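Asks: Got a file for you: upload_16.txt, compact mmCIF, C-alpha atoms (C1' of nucleotides).
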```txt
# COMPACT_ATOMS: atom_id res chain seq x y z
CA MET A 258 -146.21 -0.19 167.98
CA GLN A 259 -147.52 0.86 164.61
CA SER A 260 -151.25 1.51 164.31
CA LEU A 261 -153.76 3.87 162.68
CA ASP A 262 -154.96 7.24 163.92
CA ASN A 263 -158.66 8.04 163.67
CA ASN A 264 -158.25 9.70 160.34
CA ALA A 265 -156.37 6.87 158.73
CA LEU A 266 -158.88 4.46 160.20
CA ARG A 267 -161.81 6.29 158.61
CA LYS A 268 -160.00 6.36 155.33
CA ALA A 269 -159.20 2.67 155.44
CA MET A 270 -162.84 1.86 155.96
CA SER A 271 -164.42 4.11 153.41
CA ALA A 272 -161.82 3.19 150.82
CA ARG A 273 -163.28 -0.29 150.91
CA GLY A 274 -166.92 0.64 151.15
CA LEU A 275 -167.25 0.01 154.87
CA LYS A 276 -169.42 2.48 156.72
CA VAL A 277 -167.74 4.53 159.39
CA THR A 278 -169.84 3.90 162.48
CA PRO A 279 -169.29 5.02 166.06
CA GLN A 280 -169.19 1.37 167.03
CA ARG A 281 -166.35 0.59 164.66
CA MET A 282 -164.38 3.61 165.76
CA ALA A 283 -164.80 2.62 169.39
CA ILE A 284 -163.96 -1.01 168.69
CA TYR A 285 -160.68 -0.11 167.07
CA GLY A 286 -159.88 2.23 169.94
CA ALA A 287 -160.71 -0.45 172.48
CA LEU A 288 -158.49 -2.94 170.72
CA LEU A 289 -155.63 -0.48 170.88
CA SER A 290 -156.11 0.24 174.55
CA ALA A 291 -156.65 -3.38 175.51
CA GLY A 292 -153.01 -4.18 174.87
CA GLY A 293 -151.56 -7.62 174.32
CA HIS A 294 -153.50 -9.99 172.10
CA PRO A 295 -157.06 -9.70 173.36
CA SER A 296 -159.84 -12.09 172.47
CA ALA A 297 -163.12 -10.78 171.06
CA GLU A 298 -164.61 -11.14 174.52
CA GLU A 299 -161.93 -8.92 176.01
CA VAL A 300 -162.33 -6.29 173.33
CA PHE A 301 -166.07 -6.44 173.90
CA GLY A 302 -165.55 -5.72 177.59
CA ALA A 303 -163.41 -2.72 176.78
CA VAL A 304 -165.84 -1.32 174.19
CA ARG A 305 -168.71 -1.70 176.64
CA ARG A 306 -167.10 0.85 178.91
CA VAL A 307 -167.44 3.40 176.11
CA LEU A 308 -170.61 2.20 174.36
CA PRO A 309 -172.59 0.25 176.95
CA ASN A 310 -175.13 -1.03 174.45
CA VAL A 311 -172.83 -2.42 171.81
CA SER A 312 -173.50 -6.07 171.08
CA PHE A 313 -170.95 -8.81 171.09
CA ASP A 314 -171.78 -9.70 167.52
CA THR A 315 -171.02 -6.19 166.35
CA VAL A 316 -167.65 -6.27 168.03
CA TYR A 317 -166.88 -9.65 166.61
CA ARG A 318 -167.85 -8.74 163.07
CA ALA A 319 -165.97 -5.48 163.21
CA LEU A 320 -162.82 -7.26 164.25
CA LEU A 321 -163.19 -9.69 161.37
CA SER A 322 -163.80 -6.82 158.98
CA PHE A 323 -160.72 -4.99 160.20
CA THR A 324 -158.76 -8.15 159.64
CA GLU A 325 -159.97 -8.36 156.06
CA LEU A 326 -158.99 -4.75 155.56
CA GLY A 327 -155.54 -5.72 156.71
CA ILE A 328 -155.47 -3.06 159.42
CA ILE A 329 -155.30 -5.56 162.26
CA SER A 330 -154.32 -9.19 162.34
CA VAL A 331 -155.82 -12.24 163.91
CA HIS A 332 -154.19 -15.22 165.46
CA GLU A 333 -156.06 -18.29 166.63
CA ALA A 334 -154.72 -19.86 169.76
CA GLY A 335 -156.18 -21.74 172.65
CA GLY A 336 -159.43 -22.26 170.81
CA LYS A 337 -160.20 -18.64 170.26
CA LYS A 338 -159.27 -15.81 167.98
CA ARG A 339 -156.97 -13.14 169.29
CA PHE A 340 -156.69 -9.77 167.64
CA ASP A 341 -153.65 -7.63 167.22
CA PRO A 342 -153.58 -4.01 166.00
CA ASN A 343 -149.80 -3.92 165.74
CA LEU A 344 -148.91 -3.48 162.09
CA ALA A 345 -145.18 -3.59 162.72
CA GLY A 346 -143.70 -6.91 161.74
CA HIS A 347 -143.50 -9.25 164.67
CA HIS A 348 -143.90 -12.90 165.48
CA HIS A 349 -145.47 -15.04 168.12
CA LEU A 350 -144.44 -17.51 170.75
CA HIS A 351 -147.52 -19.46 171.79
CA CYS A 352 -147.58 -21.56 174.94
CA MET A 353 -149.89 -24.51 174.29
CA ARG A 354 -150.61 -24.95 177.97
CA CYS A 355 -151.44 -21.47 179.25
CA ASN A 356 -152.10 -19.99 175.80
CA ARG A 357 -150.07 -16.93 176.54
CA ILE A 358 -148.73 -15.23 173.41
CA THR A 359 -145.43 -13.41 173.50
CA ASP A 360 -144.23 -11.21 170.69
CA PHE A 361 -140.75 -11.35 169.36
CA HIS A 362 -138.96 -9.49 166.63
CA SER A 363 -136.62 -10.82 164.05
CA PRO A 364 -135.07 -8.76 161.28
CA GLU A 365 -134.10 -12.02 159.64
CA LEU A 366 -137.75 -13.09 159.41
CA ASP A 367 -138.98 -9.69 158.36
CA SER A 368 -136.84 -9.73 155.26
CA VAL A 369 -138.02 -13.15 154.10
CA LYS A 370 -139.82 -13.24 150.80
CA LEU A 371 -142.35 -15.88 149.94
CA PRO A 372 -141.34 -18.31 147.22
CA PRO A 373 -143.24 -17.03 144.20
CA GLN A 374 -145.03 -20.32 143.58
CA ALA A 375 -146.36 -20.28 147.16
CA GLY A 376 -149.18 -17.88 146.69
CA LYS A 377 -150.35 -17.80 143.10
CA GLY A 378 -153.03 -15.15 143.27
CA PHE A 379 -153.11 -15.34 147.05
CA GLN A 380 -153.81 -11.96 148.59
CA VAL A 381 -151.50 -11.76 151.60
CA LEU A 382 -152.95 -10.00 154.62
CA SER A 383 -150.34 -10.95 157.17
CA MET A 384 -147.34 -13.17 157.47
CA ARG A 385 -146.19 -14.39 160.79
CA MET A 386 -143.94 -16.99 162.31
CA THR A 387 -145.70 -18.90 165.03
CA VAL A 388 -143.62 -20.84 167.46
CA GLU A 389 -145.62 -23.42 169.35
CA GLY A 390 -144.34 -24.89 172.55
CA ILE A 391 -144.38 -24.80 176.31
CA CYS A 392 -143.29 -21.70 178.17
CA SER A 393 -140.84 -21.92 181.04
CA ALA A 394 -143.51 -21.29 183.68
CA CYS A 395 -145.62 -24.17 182.39
CA SER A 396 -142.66 -26.53 181.98
CA ALA A 397 -141.88 -25.90 185.62
CA LYS A 398 -145.36 -26.96 186.66
CA ASN A 399 -145.03 -30.15 184.61
CA ARG A 400 -148.68 -31.09 184.50
CA GLY A 401 -149.90 -34.66 183.90
CA ARG A 402 -149.34 -36.29 180.55
CA ASN A 403 -152.83 -36.95 179.39
CA GLY A 404 -153.76 -33.30 179.23
CA ARG A 405 -156.24 -31.39 181.40
CA MET B 254 -143.42 -36.36 153.99
CA GLN B 255 -141.52 -37.24 157.12
CA SER B 256 -143.37 -39.21 159.80
CA LEU B 257 -142.90 -42.05 162.30
CA ASP B 258 -143.16 -45.78 161.73
CA ASN B 259 -144.97 -47.88 164.31
CA ASN B 260 -141.82 -48.67 166.15
CA ALA B 261 -140.67 -45.08 166.46
CA LEU B 262 -144.18 -44.16 167.49
CA ARG B 263 -144.21 -46.68 170.33
CA LYS B 264 -140.84 -45.47 171.45
CA ALA B 265 -141.87 -41.84 171.41
CA MET B 266 -144.82 -42.60 173.64
CA SER B 267 -143.19 -44.84 176.17
CA ALA B 268 -140.19 -42.55 176.41
CA ARG B 269 -142.52 -39.99 177.88
CA GLY B 270 -144.58 -42.31 180.05
CA LEU B 271 -147.55 -42.49 177.70
CA LYS B 272 -149.15 -45.89 177.45
CA VAL B 273 -149.10 -47.52 174.06
CA THR B 274 -152.75 -48.30 173.37
CA PRO B 275 -154.38 -49.70 170.25
CA GLN B 276 -156.42 -46.50 170.09
CA ARG B 277 -153.35 -44.30 169.99
CA MET B 278 -151.69 -46.45 167.37
CA ALA B 279 -154.80 -46.33 165.22
CA ILE B 280 -155.22 -42.61 165.71
CA TYR B 281 -151.74 -41.88 164.50
CA GLY B 282 -152.27 -44.17 161.54
CA ALA B 283 -155.54 -42.48 160.70
CA LEU B 284 -153.94 -39.08 160.85
CA LEU B 285 -151.32 -40.24 158.38
CA SER B 286 -153.83 -41.69 155.98
CA ALA B 287 -156.23 -38.78 156.23
CA GLY B 288 -153.83 -36.54 154.32
CA GLY B 289 -153.92 -32.78 154.28
CA HIS B 290 -154.57 -31.00 157.53
CA PRO B 291 -157.51 -32.85 159.02
CA SER B 292 -159.55 -31.62 161.93
CA ALA B 293 -160.15 -33.82 164.96
CA GLU B 294 -163.54 -34.67 163.55
CA GLU B 295 -162.02 -35.90 160.32
CA VAL B 296 -159.43 -37.98 162.10
CA PHE B 297 -162.22 -39.38 164.26
CA GLY B 298 -164.11 -40.44 161.17
CA ALA B 299 -161.04 -42.20 159.82
CA VAL B 300 -160.25 -43.97 163.10
CA ARG B 301 -163.83 -45.17 163.36
CA ARG B 302 -163.37 -47.23 160.25
CA VAL B 303 -160.69 -49.21 162.09
CA LEU B 304 -161.95 -49.04 165.67
CA PRO B 305 -165.70 -48.50 165.46
CA ASN B 306 -166.09 -47.87 169.17
CA VAL B 307 -163.41 -45.30 169.71
CA SER B 308 -164.74 -42.12 171.28
CA PHE B 309 -164.25 -38.64 169.97
CA ASP B 310 -162.70 -37.55 173.23
CA THR B 311 -160.06 -40.24 173.00
CA VAL B 312 -159.15 -39.15 169.51
CA TYR B 313 -159.02 -35.55 170.53
CA ARG B 314 -156.87 -36.15 173.59
CA ALA B 315 -154.53 -38.41 171.71
CA LEU B 316 -153.97 -35.74 169.08
CA LEU B 317 -153.21 -33.20 171.78
CA SER B 318 -150.84 -35.62 173.47
CA PHE B 319 -149.04 -36.29 170.21
CA THR B 320 -148.66 -32.59 169.77
CA GLU B 321 -147.08 -32.26 173.17
CA LEU B 322 -144.71 -35.07 172.29
CA GLY B 323 -143.72 -33.05 169.30
CA ILE B 324 -144.48 -35.90 166.89
CA ILE B 325 -147.26 -34.05 165.13
CA SER B 326 -148.12 -30.37 164.97
CA VAL B 327 -151.32 -28.45 165.36
CA HIS B 328 -152.52 -25.37 163.58
CA GLU B 329 -155.67 -23.51 164.52
CA ALA B 330 -157.60 -22.09 161.63
CA GLY B 331 -161.20 -21.43 160.87
CA GLY B 332 -162.18 -21.95 164.48
CA LYS B 333 -160.82 -25.43 164.78
CA LYS B 334 -157.61 -27.24 165.34
CA ARG B 335 -156.02 -29.01 162.43
CA PHE B 336 -153.42 -31.68 162.89
CA ASP B 337 -150.42 -32.38 160.79
CA PRO B 338 -148.14 -35.42 161.02
CA ASN B 339 -145.60 -33.99 158.63
CA LEU B 340 -142.39 -33.41 160.55
CA ALA B 341 -140.56 -31.99 157.56
CA GLY B 342 -140.31 -28.22 157.73
CA HIS B 343 -143.10 -26.53 155.86
CA HIS B 344 -145.31 -23.50 156.11
CA HIS B 345 -148.92 -22.59 155.66
CA LEU B 346 -151.04 -20.37 153.51
CA HIS B 347 -154.41 -19.96 155.18
CA CYS B 348 -157.40 -18.56 153.34
CA MET B 349 -159.52 -16.68 155.84
CA ARG B 350 -162.66 -17.15 153.81
CA CYS B 351 -162.71 -20.84 152.89
CA ASN B 352 -160.18 -21.90 155.54
CA ARG B 353 -158.24 -24.02 153.14
CA ILE B 354 -154.64 -24.53 154.16
CA THR B 355 -151.95 -24.93 151.56
CA ASP B 356 -148.43 -26.01 152.38
CA PHE B 357 -145.44 -24.35 150.96
CA HIS B 358 -141.74 -24.89 151.37
CA SER B 359 -139.05 -22.34 151.81
CA PRO B 360 -135.41 -23.16 152.37
CA GLU B 361 -134.96 -19.56 153.41
CA LEU B 362 -137.48 -19.95 156.22
CA ASP B 363 -136.22 -23.33 157.29
CA SER B 364 -132.80 -21.97 158.01
CA VAL B 365 -134.03 -19.15 160.21
CA LYS B 366 -132.91 -19.22 163.81
CA LEU B 367 -134.89 -17.67 166.62
CA PRO B 368 -133.34 -14.62 168.22
CA PRO B 369 -131.94 -16.01 171.46
CA GLN B 370 -133.86 -13.61 173.67
CA ALA B 371 -137.14 -14.73 172.09
CA GLY B 372 -137.66 -17.93 173.92
CA LYS B 373 -135.90 -17.86 177.27
CA GLY B 374 -136.68 -21.31 178.56
CA PHE B 375 -139.38 -21.80 175.94
CA GLN B 376 -139.55 -25.41 174.78
CA VAL B 377 -140.10 -25.19 171.03
CA LEU B 378 -142.37 -27.88 169.58
CA SER B 379 -142.86 -26.40 166.16
CA MET B 380 -142.07 -23.30 164.22
CA ARG B 381 -144.10 -22.29 161.26
CA MET B 382 -144.74 -19.30 159.07
CA THR B 383 -148.43 -18.68 158.65
CA VAL B 384 -149.55 -16.51 155.82
CA GLU B 385 -153.08 -15.24 156.28
CA GLY B 386 -155.05 -13.93 153.37
CA ILE B 387 -157.60 -14.61 150.69
CA CYS B 388 -157.02 -17.30 148.12
CA SER B 389 -157.57 -16.61 144.45
CA ALA B 390 -160.79 -18.64 144.29
CA CYS B 391 -162.32 -16.62 147.12
CA SER B 392 -161.11 -13.29 145.78
CA ALA B 393 -162.87 -14.13 142.55
CA LYS B 394 -166.14 -14.66 144.39
CA ASN B 395 -165.71 -11.32 146.17
CA ARG B 396 -168.26 -11.90 148.85
CA GLY B 397 -170.00 -9.05 150.73
CA ARG B 398 -168.02 -6.85 153.05
CA ASN B 399 -169.65 -7.45 156.38
CA GLY B 400 -168.59 -11.06 156.54
CA ARG B 401 -170.74 -14.16 156.43
C1' DT C 31 -147.97 -65.13 185.05
C1' DT C 32 -150.50 -62.56 188.14
C1' DA C 33 -151.68 -58.69 191.12
C1' DT C 34 -151.43 -53.88 191.45
C1' DT C 35 -152.15 -49.37 190.13
C1' DA C 36 -151.83 -45.35 187.55
C1' DT C 37 -153.44 -44.14 183.24
C1' DA C 38 -156.62 -44.35 179.44
C1' DT C 39 -161.12 -45.09 177.52
C1' DA C 40 -166.27 -44.72 176.23
C1' DG C 41 -170.22 -42.32 176.53
C1' DG C 42 -172.57 -38.57 177.22
C1' DA C 43 -173.19 -34.03 179.36
C1' DA C 44 -171.57 -29.36 179.79
C1' DT C 45 -169.18 -25.41 178.35
C1' DT C 46 -167.50 -21.89 175.33
C1' DA C 47 -166.56 -19.59 171.03
C1' DT C 48 -168.63 -18.41 167.01
C1' DT C 49 -172.29 -17.63 163.73
C1' DC C 50 -176.92 -16.80 162.44
C1' DT C 51 -181.72 -14.63 162.40
C1' DT C 52 -184.80 -10.92 162.55
C1' DA C 53 -186.41 -6.46 163.20
C1' DT C 54 -184.71 -1.93 163.43
C1' DT C 55 -181.51 1.82 162.76
C1' DT C 56 -178.11 4.55 160.39
C1' DG C 57 -174.30 6.10 157.16
C1' DT C 58 -173.71 7.39 152.49
C1' DC C 59 -174.67 9.19 148.20
C1' DA C 60 -177.55 11.29 144.77
C1' DT D 106 -183.59 15.46 152.21
C1' DG D 107 -184.78 10.74 150.66
C1' DA D 108 -183.64 6.18 149.39
C1' DC D 109 -181.42 2.17 150.39
C1' DA D 110 -177.65 -0.85 151.20
C1' DA D 111 -175.22 -1.87 155.10
C1' DA D 112 -174.81 -2.17 160.05
C1' DT D 113 -176.66 -2.94 164.57
C1' DA D 114 -178.81 -5.18 168.95
C1' DA D 115 -180.63 -9.02 171.02
C1' DG D 116 -180.95 -13.38 171.59
C1' DA D 117 -181.11 -18.06 169.58
C1' DA D 118 -178.59 -21.68 167.36
C1' DT D 119 -174.53 -24.19 166.13
C1' DA D 120 -170.13 -26.33 166.43
C1' DA D 121 -165.77 -27.18 168.70
C1' DT D 122 -163.82 -28.40 172.80
C1' DT D 123 -163.63 -29.95 177.48
C1' DC D 124 -165.28 -32.28 181.42
C1' DC D 125 -167.34 -36.12 184.30
C1' DT D 126 -167.80 -40.75 185.82
C1' DA D 127 -167.61 -45.54 185.72
C1' DT D 128 -165.04 -49.09 183.68
C1' DA D 129 -161.12 -51.18 181.35
C1' DT D 130 -156.30 -51.86 180.42
C1' DA D 131 -151.09 -51.29 179.82
C1' DA D 132 -147.07 -51.33 182.53
C1' DT D 133 -144.59 -52.87 186.42
C1' DA D 134 -143.00 -55.64 190.03
C1' DA D 135 -143.30 -59.85 192.55
```
In structure tokens, write the structure found in this file.
Replies:
Amino acid sequence: MQSLDNNALRKAMSARGLKVTPQRMAIYGALLSAGGHPSAEEVFGAVRRVLPNVSFDTVYRALLSFTELGIISVHEAGGKKRFDPNLAGHHHLHCMRCNRITDFHSPELDSVKLPPQAGKGFQVLSMRMTVEGICSACSAKNRGRNGR
Amino acid sequence: MQSLDNNALRKAMSARGLKVTPQRMAIYGALLSAGGHPSAEEVFGAVRRVLPNVSFDTVYRALLSFTELGIISVHEAGGKKRFDPNLAGHHHLHCMRCNRITDFHSPELDSVKLPPQAGKGFQVLSMRMTVEGICSACSAKNRGRNGR
DNA sequence: TTATTATATAGGAATTATTCTTATTTGTCA
DNA sequence: TGACAAATAAGAATAATTCCTATATAATAA
């Protein structure tokens, strides 16, 4: 997995006028150690073990700020945002029933270029193929049709 | 845009054991006429003009059911689900500030095949490239750093 | 066509994720 | 160090989604 060390993290923040706070450092670290594609709530839990007084709002805003810096990415699934510090190109399989996200890699996708007319002046922060569907475990369960 | 006529819609539902109700027919119709990538709330508003007593929950569940049928697709952005009846392959540019979604087409992307190990037993309902970033209008505004 | 029954619906309440507000604190830069 | 814009904590407010319950209805078989 490709991510930033503390030094690069500081640099990324100050280069864009973001203050380097202990909270932000800890939040990035917690995101790294959380693994997978944690929600803000999960990152919050992990940061709390290091900074017991950090507020949820601070964690949430920091994650959004990191996303705007382009040093992490966000993916909304299952009604909540999930954050991902992995900068290496990868793509997502999202199960619409259990909301589990599985990464996959595809050299073919990584080499794709956007059609130039697609993003006139659009500042690209991340580009990801999302495959929506039902995972094998959930298909097996075969829940009722009307949802729930 | 590629979508279903009433007959194909009925067939798609009954083939999977879903009852064909006037609500569901109207909901699909409203989604088509809404255009763009409407949220459940927007579809609800449109359906209401045809069936004034339909409930939000019914609209919401119908949209989720349609998604599971694979006859529409869903895309979560800006904290809400957005529904899309367009079955023709297309991809999304999502502005993280204003949450506007713009479609783009890419023959290159459409021809991509998933690596076989990616989705062992995964039932694919839709496959879409999502480009996250900041649109030109929002870049121009250059809002504050800490969000909001 | 009618009776049966599983499924769907309306209406409203409850839940959950996200965003906002305010008072206070803290990096950063001169 | 001092000034100040930016960030934080705490909790309230908002908005999207899901759930609950009683009733209605589409599909099926007789």
Asks: Distance limit 8 Å, atoms considered: all atoms listed in the file. Which chain D residues sit that close to chain A? Return them as a compact mmCIF listing (two decimals) with C-alpha atoms (C1' of nucleotides), in the frame of the given file.
Replies:
```txt
# COMPACT_ATOMS: atom_id res chain seq x y z
C1' DA D 111 -175.22 -1.87 155.10
C1' DA D 112 -174.81 -2.17 160.05
C1' DT D 113 -176.66 -2.94 164.57
C1' DA D 114 -178.81 -5.18 168.95
C1' DA D 115 -180.63 -9.02 171.02
C1' DT D 122 -163.82 -28.40 172.80
```
Asks: Using all atoms listed in the file, list the residues that have an atom at most 10 Å from (-158.7, -31.4, 162.7), coordinates as in the file, as an mmCIF file with C-alpha atoms, in the frame of the given file.
Replies:
```
data_model
loop_
_atom_site.group_PDB
_atom_site.id
_atom_site.type_symbol
_atom_site.label_atom_id
_atom_site.label_comp_id
_atom_site.auth_asym_id
_atom_site.auth_seq_id
_atom_site.Cartn_x
_atom_site.Cartn_y
_atom_site.Cartn_z
ATOM 1 C CA LEU B 284 -153.940 -39.080 160.850
ATOM 2 C CA GLY B 289 -153.920 -32.780 154.280
ATOM 3 C CA HIS B 290 -154.570 -31.000 157.530
ATOM 4 C CA PRO B 291 -157.510 -32.850 159.020
ATOM 5 C CA SER B 292 -159.550 -31.620 161.930
ATOM 6 C CA ALA B 293 -160.150 -33.820 164.960
ATOM 7 C CA GLU B 294 -163.540 -34.670 163.550
ATOM 8 C CA GLU B 295 -162.020 -35.900 160.320
ATOM 9 C CA VAL B 296 -159.430 -37.980 162.100
ATOM 10 C CA PHE B 297 -162.220 -39.380 164.260
ATOM 11 C CA TYR B 313 -159.020 -35.550 170.530
ATOM 12 C CA LEU B 316 -153.970 -35.740 169.080
ATOM 13 C CA VAL B 327 -151.320 -28.450 165.360
ATOM 14 C CA HIS B 328 -152.520 -25.370 163.580
ATOM 15 C CA GLU B 329 -155.670 -23.510 164.520
ATOM 16 C CA ALA B 330 -157.600 -22.090 161.630
ATOM 17 C CA LYS B 333 -160.820 -25.430 164.780
ATOM 18 C CA LYS B 334 -157.610 -27.240 165.340
ATOM 19 C CA ARG B 335 -156.020 -29.010 162.430
ATOM 20 C CA PHE B 336 -153.420 -31.680 162.890
ATOM 21 C CA ASP B 337 -150.420 -32.380 160.790
#
```
Asks: Between atom CA of Ala265 of chain A and atom CA of Gly327 of chain A, what is the distance, to one decimal in Å?
Replies: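 Between atom CA of Ala265 of chain A and atom CA of Gly327 of chain A the gap is 12.8 Å.
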Asks: One decimal, Å: what's the distance from atom CA of Arg350 of chain B over to atom CA of Ala291 of chain A, could you say?
Replies: 26.4 Å
Asks: So which one's closest to Leu266 of chain A, A:Leu321, A:Ile284, A:Ile328, A:Ala303? Using all atoms listed in the file, please.
Replies: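 Selected residue with least distance to Leu266 of chain A: A:Ile328.
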Asks: For the atom pair atom C1' of DT48 of chain C and atom C1' of DA120 of chain D, what is the interatomic distance in Å to one decimal place?
Replies: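 Computed distance, atom C1' of DT48 of chain C to atom C1' of DA120 of chain D, equals 8.1 Å.
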Asks: Would you mind listing, as a PyMOL selection string, all residues of chain C that have at least one atom within 10 Å of chain A, where only C-alpha atoms (C1' of nucleotides) are what counts?
Replies: chain C and resi 37-38+46-49+56-58
Asks: May I have a table of the residues of chain B lying at most 9 Å from chain A, giving each one's closest pair of atoms and their distance in Å to one decimal, counting only C-alpha atoms, ordered by chain and ascending residue number, as a tab-separated table?
Replies:
```
residue	atom	partner	partner_atom	distance
B:Arg269	CA	A:Arg402	CA	8.2
B:Gly270	CA	A:Arg402	CA	7.7
B:Leu271	CA	A:Arg402	CA	7.1
B:Arg314	CA	A:Gly404	CA	7.0
B:Ala315	CA	A:Asn403	CA	8.0
B:Leu317	CA	A:Gly404	CA	7.5
B:Ser318	CA	A:Asn403	CA	6.4
B:Glu321	CA	A:Gly390	CA	7.9
B:Gly323	CA	A:Gly390	CA	8.8
B:Ser326	CA	A:Glu389	CA	8.6
B:Val327	CA	A:Glu389	CA	8.6
B:His328	CA	A:Glu333	CA	8.5
B:Glu329	CA	A:Glu333	CA	5.6
B:Ala330	CA	A:Glu333	CA	6.5
B:Gly331	CA	A:Glu333	CA	8.3
B:Gly332	CA	A:Gly336	CA	6.9
B:Lys333	CA	A:Gly336	CA	7.0
B:Lys334	CA	A:Gly336	CA	7.6
B:Leu346	CA	A:Gly376	CA	7.5
B:Cys348	CA	A:Phe379	CA	8.3
B:Met349	CA	A:Glu325	CA	8.3
B:Thr355	CA	A:Ala375	CA	8.5
B:Asp356	CA	A:Ala375	CA	8.0
B:Phe357	CA	A:Ala375	CA	5.6
B:His358	CA	A:Ala375	CA	7.8
B:Ser359	CA	A:Pro372	CA	6.5
B:Glu361	CA	A:Val369	CA	7.1
B:Leu362	CA	A:Val369	CA	7.1
B:Val365	CA	A:Glu365	CA	7.2
B:Lys366	CA	A:Glu365	CA	8.4
B:Leu367	CA	A:Ser363	CA	7.5
B:Pro368	CA	A:Ser363	CA	6.5
B:Gln370	CA	A:Phe361	CA	8.4
B:Ala371	CA	A:Phe361	CA	5.6
B:Gly372	CA	A:Leu350	CA	7.5
B:Lys373	CA	A:Ser393	CA	7.4
B:Gly374	CA	A:Ser393	CA	4.9
B:Phe375	CA	A:Cys392	CA	4.5
B:Gln376	CA	A:Ile391	CA	5.1
B:Val377	CA	A:Gly390	CA	4.5
B:Leu378	CA	A:Gly390	CA	4.7
B:Ser379	CA	A:Glu389	CA	5.2
B:Met380	CA	A:Val388	CA	4.4
B:Arg381	CA	A:Thr387	CA	5.3
B:Met382	CA	A:Met386	CA	4.1
B:Thr383	CA	A:Arg385	CA	5.3
B:Val384	CA	A:Met384	CA	4.3
B:Glu385	CA	A:Ser383	CA	5.2
B:Gly386	CA	A:Val381	CA	4.5
B:Ile387	CA	A:Gln380	CA	5.1
B:Cys388	CA	A:Phe379	CA	4.5
B:Ser389	CA	A:Gly378	CA	4.9
B:Ala390	CA	A:Gly378	CA	8.6
B:Ser392	CA	A:Gln380	CA	7.9
B:Arg398	CA	A:Leu275	CA	7.1
B:Asn399	CA	A:Ser322	CA	6.4
B:Gly400	CA	A:Ser322	CA	6.8
```
Asks: Using only C-alpha atoms (C1' of nucleotides), determine which residues lie at most 12 Å from Gln255 of chain B, disregarding the query and same-chain residues fewer than 6 positions distant; provide the list as a PyMOL selection string.
Replies: chain B and resi 285+324-325+337-343
Asks: For DT126 of chain D, list every protein, DNA or RNA residue within 10 Å, evaluated using only C-alpha atoms (C1' of nucleotides), and leave out those in the same chain fewer than 2 positions away; present the list as number ranges by chain.
Replies: C: 41; D: 124, 128
Asks: Extract, using all atoms listed in the file, all DNA, RNA and protein residues at most 12 Å from DA135 of chain D, discarding same-chain residues fewer than 3 positions from it, and format them as a list of chain:residue names.
Replies: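 Near DA135 of chain D, the qualifying residues are C:DT31, C:DT32, C:DA33, C:DT34.
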Asks: Skipping near chain neighbours, those fewer than 5 positions away, what residues fall within 10 Å of DC125 of chain D using all atoms listed in the file, listed as a list in words?
Replies: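 In the requested format, the answer is DG42, DA43 and DA44 of chain C.
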